[in-house]
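This report concerns only the one structure given below.
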Amino acid sequence: MQHLKVSRFSKSGAYLIDDDKNEVLLPNRYITDEMIIGSFVWVFVYSDSEDRLVAITTIPKGFVGDILSLEVIDIVENGAYLNLGIPKDLFMPSKNPSKLKIGQKVVIKLTLDKQNRLIARQNLDNYLKKLNINSRIKNVDILPFLKTDIGFNCVVNNEYFGVIHNNDINMKINIGDNIKGIIKKIRKDGKADLGLVSNINLAKNIILDKLSDSVLKFNFDSNSKEIFEYLGISKKLFKSVVSSLIKENKAKFIKDSNGNFELHKI
């Protein structure tokens, strides 16, 4: 965002200037009664569909240099367009756009192309830093960006590379989810092995929401894969949360007609 001064008005809107007297148009729809010549306005400046610089007062979902998750809103032959929260959609080049789906979240680096236009880049490996093996960073923000055979490649604290291994995943996660985690180990190559912070309250809400509609045909002997597929949490976390709910007198196991225990809400 830039703090620019109102220089003059026209039929199309207000022209704003920076310290070097460069002008940019703020269209009429963004003008308010408080704007007068000489007043300052916080604006976001970008190139419109005709490559003209234009100012808007809307705050975009990200700025140049940010790594963030955005939604695919259109797919074309050489890439896709993403929703950046401004009138002009953000282009993301892709060699395999057919693999993308409208509504899908993708994690990108927001940068500029050779013509100084905003563009999204998916090859995050080229942008992420390696951690110092002696780093003391522990609690981190995690943004998964690629599913692999061993787990998820992730952005750590918006700048580092990390991996969540399958055996460290205790809740269902998706590409583009913002997750709290920990660094378990920093490898010699500077990549971090990550762990998830168990969100007991979130898991409780998931189970109680399911119990509001019906009973849960799961118990402590149920198949871990079925629990994960239905609730999105690990069997270990399921047992911990259900034990807590039983102690809090919010749920209980009752035998069904076949003699199997199922979970009921109290």
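Labels for the structure tokens follow display order: chains A, B, ..., residues from 1 in each chain, ligands from 1.
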
Quick one: everything within 8 Å of A:Val107, counting only C-alpha atoms, minus sequence neighbours fewer than 2 positions away in the same chain. Send it as JSON, numbers by chain. {"A": [67, 68, 69, 70, 105, 109, 122, 144, 145, 175, 176]}

Compile the contact shell of A:Ile142 as a PyMOL selection string: residues with an atom at most 12 Å away, counting only C-alpha atoms, same-chain residues fewer than 3 positions apart removed. chain A and resi 67-69+107+138-139+145+152-164+173-183+192-197

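The closest residue to A:Ile102, picked from A:Ile119, A:Leu4, A:Ile73, A:Lys130 and counting only C-alpha atoms, is A:Ile73.
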
I want to know what sits within 12 Å of A:Glu23, based on only C-alpha atoms, with residues of the same chain fewer than 6 positions away left out; could you give that as a PDB file with N, CA and C atoms, in the first residue's frame?
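The new file result.pdb reads:
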ATOM      1  N   LEU A   4      -0.506   8.242  -1.007  1.00  0.00           N
ATOM      2  CA  LEU A   4      -0.354   9.208  -2.086  1.00  0.00           C
ATOM      3  C   LEU A   4      -1.272  10.407  -1.889  1.00  0.00           C
ATOM      4  N   LYS A   5      -0.842  11.532  -2.482  1.00  0.00           N
ATOM      5  CA  LYS A   5      -1.583  12.791  -2.317  1.00  0.00           C
ATOM      6  C   LYS A   5      -2.499  13.050  -3.501  1.00  0.00           C
ATOM      7  N   VAL A   6      -3.697  13.547  -3.211  1.00  0.00           N
ATOM      8  CA  VAL A   6      -4.642  13.915  -4.267  1.00  0.00           C
ATOM      9  C   VAL A   6      -4.132  15.184  -4.949  1.00  0.00           C
ATOM     10  N   SER A   7      -3.890  15.077  -6.271  1.00  0.00           N
ATOM     11  CA  SER A   7      -3.350  16.199  -7.030  1.00  0.00           C
ATOM     12  C   SER A   7      -4.444  16.986  -7.762  1.00  0.00           C
ATOM     13  N   ARG A   8      -5.367  16.247  -8.407  1.00  0.00           N
ATOM     14  CA  ARG A   8      -6.441  16.887  -9.162  1.00  0.00           C
ATOM     15  C   ARG A   8      -7.557  15.884  -9.411  1.00  0.00           C
ATOM     16  N   PHE A   9      -8.718  16.413  -9.787  1.00  0.00           N
ATOM     17  CA  PHE A   9      -9.861  15.563 -10.103  1.00  0.00           C
ATOM     18  C   PHE A   9     -10.179  15.657 -11.595  1.00  0.00           C
ATOM     19  N   ALA A  14      -9.825  10.675  -9.408  1.00  0.00           N
ATOM     20  CA  ALA A  14      -8.822  11.570  -8.827  1.00  0.00           C
ATOM     21  C   ALA A  14      -7.427  11.102  -9.227  1.00  0.00           C
ATOM     22  N   TYR A  15      -6.568  12.066  -9.559  1.00  0.00           N
ATOM     23  CA  TYR A  15      -5.182  11.726  -9.854  1.00  0.00           C
ATOM     24  C   TYR A  15      -4.350  11.934  -8.590  1.00  0.00           C
ATOM     25  N   LEU A  16      -3.590  10.903  -8.255  1.00  0.00           N
ATOM     26  CA  LEU A  16      -2.752  10.924  -7.072  1.00  0.00           C
ATOM     27  C   LEU A  16      -1.292  11.033  -7.489  1.00  0.00           C
ATOM     28  N   ILE A  17      -0.488  11.663  -6.653  1.00  0.00           N
ATOM     29  CA  ILE A  17       0.936  11.807  -6.977  1.00  0.00           C
ATOM     30  C   ILE A  17       1.797  11.317  -5.816  1.00  0.00           C
ATOM     31  N   VAL A  45      -1.474   0.108  -5.852  1.00  0.00           N
ATOM     32  CA  VAL A  45      -1.276   0.447  -7.265  1.00  0.00           C
ATOM     33  C   VAL A  45      -0.874  -0.811  -8.031  1.00  0.00           C
ATOM     34  N   ARG A  52      -2.319  -0.375 -17.758  1.00  0.00           N
ATOM     35  CA  ARG A  52      -2.243   0.997 -17.255  1.00  0.00           C
ATOM     36  C   ARG A  52      -2.191   0.944 -15.730  1.00  0.00           C
ATOM     37  N   LEU A  53      -1.347   1.796 -15.146  1.00  0.00           N
ATOM     38  CA  LEU A  53      -1.291   1.842 -13.691  1.00  0.00           C
ATOM     39  C   LEU A  53      -2.580   2.450 -13.155  1.00  0.00           C
ATOM     40  N   VAL A  54      -3.138   1.815 -12.141  1.00  0.00           N
ATOM     41  CA  VAL A  54      -4.363   2.314 -11.532  1.00  0.00           C
ATOM     42  C   VAL A  54      -4.267   2.110 -10.027  1.00  0.00           C
ATOM     43  N   ALA A  55      -4.892   3.025  -9.279  1.00  0.00           N
ATOM     44  CA  ALA A  55      -4.889   2.940  -7.823  1.00  0.00           C
ATOM     45  C   ALA A  55      -6.270   2.528  -7.322  1.00  0.00           C
TER      46      ALA A  55
END

I need the helix (DSSP H, G or I) residues of stretch 58-244 of chain A per DSSP on the backbone, written as a VMD selection string. chain A and resid 97 to 99 124 to 126 166 to 168 200 to 213 224 to 231 235 to 244

Could you turn the residues from that selection into a file that holds C-alpha atoms, as a short mmCIF file (atom, residue, chain, number, x, y, z; two decimals), in the first residue's frame?
data_model
loop_
_atom_site.label_atom_id
_atom_site.label_comp_id
_atom_site.auth_asym_id
_atom_site.auth_seq_id
_atom_site.Cartn_x
_atom_site.Cartn_y
_atom_site.Cartn_z
CA PRO A 97 -3.12 -26.32 -16.09
CA SER A 98 -5.36 -29.33 -16.78
CA LYS A 99 -4.41 -30.66 -13.35
CA LEU A 124 8.33 -22.36 -4.25
CA ASP A 125 11.50 -24.45 -3.89
CA ASN A 126 13.30 -21.63 -5.70
CA ASN A 166 2.80 -38.88 7.11
CA ASN A 167 3.42 -40.46 10.50
CA ASP A 168 3.40 -37.00 12.14
CA ILE A 200 -7.67 -30.58 21.20
CA ASN A 201 -10.42 -27.96 21.10
CA LEU A 202 -10.77 -28.24 17.32
CA ALA A 203 -10.97 -32.03 17.53
CA LYS A 204 -13.59 -31.75 20.28
CA ASN A 205 -15.72 -29.47 18.13
CA ILE A 206 -15.44 -31.87 15.17
CA ILE A 207 -16.67 -34.79 17.26
CA LEU A 208 -19.43 -32.82 19.02
CA ASP A 209 -20.68 -31.48 15.67
CA LYS A 210 -20.94 -35.03 14.35
CA LEU A 211 -22.71 -36.12 17.52
CA SER A 212 -25.27 -33.32 17.12
CA ASP A 213 -26.60 -34.99 13.97
CA SER A 224 -7.69 -45.90 12.45
CA LYS A 225 -8.06 -45.31 8.70
CA GLU A 226 -11.85 -45.14 8.94
CA ILE A 227 -11.63 -42.68 11.84
CA PHE A 228 -9.24 -40.46 9.90
CA GLU A 229 -11.33 -40.56 6.71
CA TYR A 230 -14.57 -39.65 8.53
CA LEU A 231 -13.36 -37.24 11.22
CA LYS A 235 -7.02 -42.59 16.20
CA LYS A 236 -4.66 -41.48 18.95
CA LEU A 237 -6.20 -38.00 19.01
CA PHE A 238 -9.71 -39.50 18.78
CA LYS A 239 -9.10 -41.63 21.88
CA SER A 240 -7.65 -38.68 23.79
CA VAL A 241 -10.51 -36.34 22.92
CA VAL A 242 -13.27 -38.89 23.51
CA SER A 243 -11.78 -39.77 26.91
CA SER A 244 -11.85 -36.07 27.75
#

One decimal, in Å: what's the spacing between atom CA of A:Gly13 and atom CA of A:Ser39?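 Straight-line distance from atom CA of A:Gly13 to atom CA of A:Ser39 works out to 14.5 Å.
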
Identify all residues of stretch 133-221 of chain A in strand (DSSP E) (DSSP on the backbone) and supply them as a JSON list (two decimals) with N, CA and C atoms, in the first residue's frame.
[["chain", "number", "residue", "atom", "x", "y", "z"],
["A", 139, "ASN", "N", 8.33, -23.07, 17.73],
["A", 139, "ASN", "CA", 6.93, -22.97, 17.33],
["A", 139, "ASN", "C", 6.83, -22.14, 16.05],
["A", 140, "VAL", "N", 6.12, -22.68, 15.05],
["A", 140, "VAL", "CA", 6.12, -22.05, 13.73],
["A", 140, "VAL", "C", 4.73, -22.08, 13.10],
["A", 141, "ASP", "N", 4.56, -21.24, 12.09],
["A", 141, "ASP", "CA", 3.38, -21.26, 11.23],
["A", 141, "ASP", "C", 3.72, -22.09, 10.00],
["A", 142, "ILE", "N", 2.83, -22.99, 9.63],
["A", 142, "ILE", "CA", 3.08, -23.92, 8.53],
["A", 142, "ILE", "C", 2.02, -23.73, 7.45],
["A", 143, "LEU", "N", 2.48, -23.72, 6.19],
["A", 143, "LEU", "CA", 1.57, -23.62, 5.05],
["A", 143, "LEU", "C", 1.90, -24.73, 4.06],
["A", 144, "PRO", "N", 1.16, -25.84, 4.06],
["A", 144, "PRO", "CA", 1.43, -26.94, 3.12],
["A", 144, "PRO", "C", 1.20, -26.49, 1.68],
["A", 145, "PHE", "N", 2.15, -26.84, 0.78],
["A", 145, "PHE", "CA", 1.98, -26.42, -0.61],
["A", 145, "PHE", "C", 2.08, -27.56, -1.61],
["A", 146, "LEU", "N", 2.54, -28.75, -1.18],
["A", 146, "LEU", "CA", 2.66, -29.87, -2.12],
["A", 146, "LEU", "C", 2.53, -31.19, -1.38],
["A", 147, "LYS", "N", 1.61, -32.05, -1.84],
["A", 147, "LYS", "CA", 1.46, -33.40, -1.28],
["A", 147, "LYS", "C", 2.44, -34.34, -1.98],
["A", 151, "GLY", "N", 4.56, -37.19, 2.67],
["A", 151, "GLY", "CA", 3.84, -36.23, 3.49],
["A", 151, "GLY", "C", 3.52, -34.96, 2.72],
["A", 152, "PHE", "N", 3.81, -33.81, 3.33],
["A", 152, "PHE", "CA", 3.55, -32.51, 2.71],
["A", 152, "PHE", "C", 4.81, -31.65, 2.75],
["A", 153, "ASN", "N", 5.16, -31.04, 1.62],
["A", 153, "ASN", "CA", 6.16, -29.98, 1.62],
["A", 153, "ASN", "C", 5.46, -28.70, 2.09],
["A", 154, "CYS", "N", 6.15, -27.94, 2.93],
["A", 154, "CYS", "CA", 5.49, -26.79, 3.57],
["A", 154, "CYS", "C", 6.38, -25.55, 3.57],
["A", 155, "VAL", "N", 5.70, -24.41, 3.60],
["A", 155, "VAL", "CA", 6.37, -23.14, 3.87],
["A", 155, "VAL", "C", 6.34, -22.94, 5.38],
["A", 156, "VAL", "N", 7.48, -22.62, 5.96],
["A", 156, "VAL", "CA", 7.59, -22.40, 7.40],
["A", 156, "VAL", "C", 7.87, -20.93, 7.66],
["A", 160, "TYR", "N", 10.85, -20.42, 5.05],
["A", 160, "TYR", "CA", 11.73, -21.59, 5.10],
["A", 160, "TYR", "C", 11.02, -22.83, 4.54],
["A", 161, "PHE", "N", 11.83, -23.86, 4.25],
["A", 161, "PHE", "CA", 11.31, -25.12, 3.70],
["A", 161, "PHE", "C", 11.21, -26.16, 4.81],
["A", 162, "GLY", "N", 10.05, -26.82, 4.86],
["A", 162, "GLY", "CA", 9.86, -27.87, 5.85],
["A", 162, "GLY", "C", 9.01, -29.00, 5.31],
["A", 163, "VAL", "N", 9.03, -30.14, 6.00],
["A", 163, "VAL", "CA", 8.26, -31.31, 5.59],
["A", 163, "VAL", "C", 7.52, -31.87, 6.79],
["A", 164, "ILE", "N", 6.21, -32.13, 6.61],
["A", 164, "ILE", "CA", 5.45, -32.89, 7.60],
["A", 164, "ILE", "C", 5.36, -34.32, 7.06],
["A", 165, "HIS", "N", 5.92, -35.27, 7.78],
["A", 165, "HIS", "CA", 5.87, -36.67, 7.35],
["A", 165, "HIS", "C", 4.52, -37.29, 7.71],
["A", 179, "ILE", "N", -1.51, -23.61, 9.47],
["A", 179, "ILE", "CA", -1.43, -24.56, 10.58],
["A", 179, "ILE", "C", -0.35, -24.13, 11.58],
["A", 180, "LYS", "N", -0.62, -24.39, 12.84],
["A", 180, "LYS", "CA", 0.39, -24.20, 13.88],
["A", 180, "LYS", "C", 1.20, -25.49, 14.02],
["A", 181, "GLY", "N", 2.51, -25.35, 14.12],
["A", 181, "GLY", "CA", 3.33, -26.54, 14.22],
["A", 181, "GLY", "C", 4.61, -26.28, 15.00],
["A", 182, "ILE", "N", 5.46, -27.31, 15.01],
["A", 182, "ILE", "CA", 6.75, -27.21, 15.68],
["A", 182, "ILE", "C", 7.83, -27.76, 14.76],
["A", 183, "ILE", "N", 9.05, -27.29, 14.96],
["A", 183, "ILE", "CA", 10.20, -27.87, 14.26],
["A", 183, "ILE", "C", 10.76, -28.98, 15.13],
["A", 184, "LYS", "N", 10.69, -30.22, 14.63],
["A", 184, "LYS", "CA", 11.20, -31.36, 15.37],
["A", 184, "LYS", "C", 12.69, -31.54, 15.18],
["A", 185, "LYS", "N", 13.14, -31.21, 13.95],
["A", 185, "LYS", "CA", 14.56, -31.41, 13.65],
["A", 185, "LYS", "C", 14.92, -30.58, 12.42],
["A", 186, "ILE", "N", 16.13, -30.04, 12.41],
["A", 186, "ILE", "CA", 16.66, -29.37, 11.22],
["A", 186, "ILE", "C", 17.73, -30.26, 10.62],
["A", 192, "ALA", "N", 13.49, -28.50, 7.36],
["A", 192, "ALA", "CA", 12.99, -28.83, 8.70],
["A", 192, "ALA", "C", 12.01, -29.99, 8.66],
["A", 193, "ASP", "N", 12.16, -30.92, 9.60],
["A", 193, "ASP", "CA", 11.13, -31.93, 9.84],
["A", 193, "ASP", "C", 10.15, -31.33, 10.83],
["A", 194, "LEU", "N", 8.86, -31.36, 10.46],
["A", 194, "LEU", "CA", 7.84, -30.64, 11.22],
["A", 194, "LEU", "C", 6.90, -31.58, 11.95],
["A", 195, "GLY", "N", 6.32, -31.06, 13.00],
["A", 195, "GLY", "CA", 5.25, -31.74, 13.71],
["A", 195, "GLY", "C", 4.07, -30.80, 13.86],
["A", 196, "LEU", "N", 2.89, -31.35, 14.01],
["A", 196, "LEU", "CA", 1.69, -30.53, 14.19],
["A", 196, "LEU", "C", 1.42, -30.33, 15.68]]

Expressed in Å to a single decimal, how great is the separation between atom CA of A:Tyr30 and atom CA of A:His3?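 Interatomic distance, atom CA of A:Tyr30 to atom CA of A:His3: 14.7 Å.
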